[in-house]
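S.K.: My structure is stored as protein09.txt, with compact mmCIF, C-alpha atoms.
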# COMPACT_ATOMS: atom_id res chain seq x y z
CA MET A 26 -16.82 12.47 -19.99
CA LEU A 27 -18.57 9.14 -19.66
CA ILE A 28 -17.51 5.54 -19.32
CA THR A 29 -19.23 4.34 -22.48
CA GLU A 30 -18.11 0.73 -22.57
CA PHE A 31 -17.16 -1.76 -19.89
CA ASP A 32 -16.54 -5.22 -21.37
CA ILE A 33 -15.81 -8.11 -19.00
CA ASN A 34 -15.25 -10.66 -21.76
CA ASP A 35 -11.87 -11.73 -23.04
CA PRO A 36 -10.16 -9.37 -23.50
CA ASP A 37 -11.47 -6.98 -20.87
CA ARG A 38 -12.10 -3.54 -22.34
CA LEU A 39 -12.72 -0.03 -21.06
CA GLU A 40 -13.85 2.93 -23.15
CA ILE A 41 -14.42 6.56 -22.20
CA GLN A 42 -15.89 9.25 -24.43
CA ASN A 43 -16.28 13.00 -24.41
CA VAL A 44 -20.04 13.24 -24.86
CA SER A 45 -20.16 17.00 -24.38
CA PRO A 46 -20.51 19.43 -27.29
CA ASN A 47 -17.16 20.99 -26.36
CA SER A 48 -13.54 19.88 -26.26
CA VAL A 49 -12.30 18.90 -22.81
CA ASP A 50 -8.77 19.42 -21.53
CA VAL A 51 -7.96 16.08 -19.90
CA THR A 52 -4.38 16.95 -18.96
CA GLY A 53 -3.59 15.32 -15.63
CA TRP A 54 -6.72 13.17 -15.55
CA ARG A 55 -6.12 9.58 -14.51
CA VAL A 56 -8.03 6.42 -15.31
CA ALA A 57 -7.57 3.63 -12.77
CA VAL A 58 -9.04 0.18 -12.23
CA SER A 59 -8.91 -2.26 -9.35
CA ASN A 60 -6.01 -4.67 -8.96
CA ASN A 61 -8.15 -7.36 -7.37
CA TYR A 62 -11.30 -9.24 -8.36
CA THR A 63 -13.03 -8.54 -5.06
CA VAL A 64 -11.10 -5.85 -3.13
CA PHE A 65 -12.13 -2.59 -4.75
CA SER A 66 -9.68 -0.39 -2.85
CA SER A 67 -6.71 -2.19 -4.42
CA VAL A 68 -5.63 -0.01 -7.37
CA ASN A 69 -3.86 -1.48 -10.39
CA ALA A 70 -0.29 -0.17 -10.67
CA ASN A 71 -0.94 0.73 -14.31
CA ILE A 72 -2.82 4.02 -14.28
CA GLN A 73 -3.59 5.76 -17.55
CA VAL A 74 -2.53 9.41 -17.32
CA LEU A 75 -4.32 11.50 -19.92
CA SER A 76 -2.98 14.59 -21.62
CA GLY A 77 -4.11 17.10 -24.19
CA THR A 78 -7.57 17.98 -25.35
CA LEU A 79 -10.26 15.45 -26.16
CA ALA A 80 -12.57 16.68 -28.91
CA SER A 81 -16.33 16.38 -28.67
CA GLY A 82 -17.26 12.78 -29.46
CA ALA A 83 -13.68 11.51 -29.14
CA VAL A 84 -13.14 8.08 -27.61
CA LEU A 85 -10.27 6.57 -25.62
CA SER A 86 -10.16 2.82 -24.99
CA TRP A 87 -7.94 0.18 -23.46
CA THR A 88 -7.91 -3.62 -23.28
CA ASP A 89 -5.85 -6.19 -21.45
CA ALA A 90 -4.92 -7.91 -24.72
CA SER A 91 -1.14 -7.52 -24.67
CA ALA A 92 -0.90 -7.77 -28.45
CA GLY A 93 -3.52 -5.07 -28.96
CA PRO A 94 -2.86 -1.43 -29.83
CA ASN A 95 -4.46 -0.03 -26.66
CA TYR A 96 -2.96 -2.39 -24.08
CA TRP A 97 -3.71 -1.30 -20.50
CA GLY A 98 -0.30 -2.56 -19.37
CA SER A 99 -1.51 -5.54 -17.35
CA ASN A 100 -4.55 -7.70 -16.71
CA ILE A 101 -7.54 -5.44 -15.98
CA LEU A 102 -8.85 -8.18 -13.63
CA TRP A 103 -12.43 -8.25 -14.83
CA ASN A 104 -13.79 -11.73 -15.25
CA LEU A 105 -17.28 -13.00 -15.95
CA ALA A 106 -16.88 -15.60 -13.19
CA HIS A 107 -16.46 -12.74 -10.71
CA PHE A 108 -19.26 -10.59 -12.16
CA GLN A 109 -21.21 -10.34 -8.90
CA ALA A 110 -18.13 -9.01 -7.13
CA PHE A 111 -17.80 -6.01 -9.37
CA GLN A 112 -21.35 -4.95 -10.08
CA VAL A 113 -20.53 -1.90 -8.01
CA GLY A 114 -18.26 0.64 -9.68
CA ARG A 115 -14.61 -0.22 -9.98
CA LEU A 116 -13.52 2.53 -12.32
CA LEU A 117 -12.13 5.89 -11.40
CA LEU A 118 -11.90 8.81 -13.76
CA THR A 119 -10.29 11.65 -11.87
CA THR A 120 -8.62 14.96 -12.39
CA LEU A 121 -6.09 16.69 -10.22
CA VAL A 122 -7.05 20.04 -8.77
CA THR A 123 -4.12 22.40 -8.34
As a first step, turn the structure in this file into structure tokens.

M.R.:
Amino acid sequence: MLITEFDINDPDRLEIQNVSPNSVDVTGWRVAVSNNYTVFSSVNANIQVLSGTLASGAVLSWTDASAGPNYWGSNILWNLAHFQAFQVGRLLLTTLVT
């Protein structure tokens, strides 16, 4: 799994893709972004919880355009004016280990 697109324009957009040759069970994986332009440890309350199997080459994406089909659920808080603040990673793609 890779973060294959990170767009800080309007609307902000995030895309992840299964770039492996095999399907990946993403059940329980979570995708989270920061809830602050400059404080990276502040996690947005809207966390995308994945489920099912993602086929090889499959893509998942979200934007903060509320009228769009893949709405994150709130402002993703990426902004070109704050670009320097988030040049370090602000995305988390995690899985739960049971």

S.K.: Residues at most 9 Å from Ser81 in chain A, counting only C-alpha atoms, excluding those fewer than 4 positions away in the same chain, as a PyMOL selection string?

M.R.: chain A and resi 42-49

S.K.: Generate the output file for the selected residues, C-alpha atoms, as an mmCIF file, keeping the file's coordinate frame.

M.R.:
data_model
loop_
_atom_site.group_PDB
_atom_site.id
_atom_site.type_symbol
_atom_site.label_atom_id
_atom_site.label_comp_id
_atom_site.auth_asym_id
_atom_site.auth_seq_id
_atom_site.Cartn_x
_atom_site.Cartn_y
_atom_site.Cartn_z
ATOM 1 C CA GLN A 42 -15.890 9.250 -24.430
ATOM 2 C CA ASN A 43 -16.280 13.000 -24.410
ATOM 3 C CA VAL A 44 -20.040 13.240 -24.860
ATOM 4 C CA SER A 45 -20.160 17.000 -24.380
ATOM 5 C CA PRO A 46 -20.510 19.430 -27.290
ATOM 6 C CA ASN A 47 -17.160 20.990 -26.360
ATOM 7 C CA SER A 48 -13.540 19.880 -26.260
ATOM 8 C CA VAL A 49 -12.300 18.900 -22.810
#

S.K.: Please identify all polymer residues within 8 Å of range 94-98 of chain A, counting all atoms listed in the file, omitting same-chain residues fewer than 6 positions from it, and present them as a PyMOL selection string.

M.R.: chain A and resi 71+73+86-88

S.K.: In Å, how far is it from CA of Val51 in chain A to CA of Leu79 in chain A?

M.R.: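 Here the two named atoms are 6.7 Å from each other.
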
S.K.: Which residue out of A:Val84, A:Ala57, A:Val64, A:Ile101 has the minimum interatomic distance to Ile41 in chain A when only C-alpha atoms are used?

M.R.: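 Counting only C-alpha atoms, the residue closest to Ile41 in chain A is A:Val84.
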
S.K.: Could you check the closest approach to Ile28 in chain A for each of A:Val74, A:Thr63, A:Gly93, A:Glu40 and tell me which residue wins, using only C-alpha atoms?

M.R.: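 The shortest atom-to-atom distance to Ile28 in chain A comes from A:Glu40.
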
S.K.: Counting all atoms listed in the file, which residues have an atom no more than 9 Å from (-3.7, 15.9, -19.5) in the file's coordinates? Please list them as a PyMOL selection string.

M.R.: chain A and resi 50-55+74-78+120

S.K.: Kindly give the distance, in Å, that separates CA of Asn100 in chain A and CA of Leu39 in chain A, rounded to a single decimal.

M.R.: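 These two atoms are separated by 12.0 Å.
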
S.K.: Measure the distance from CA of Leu102 in chain A to CA of Asp35 in chain A in Å and round it to one decimal.

M.R.: 10.5 Å

S.K.: Quick one: of A:Ser59, A:Ser99, A:Thr29, A:Asn34, who's nearest to Leu85 in chain A, counting all atoms listed in the file?

M.R.: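 That would be A:Thr29, the residue with the smallest distance to Leu85 in chain A.
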
S.K.: Have a look at A:Ile33, A:Ser67, A:Leu27, A:Tyr62 and name the one nearest to Asp89 in chain A; count all atoms listed in the file.

M.R.: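 The answer is A:Ile33, which sits nearest to Asp89 in chain A.
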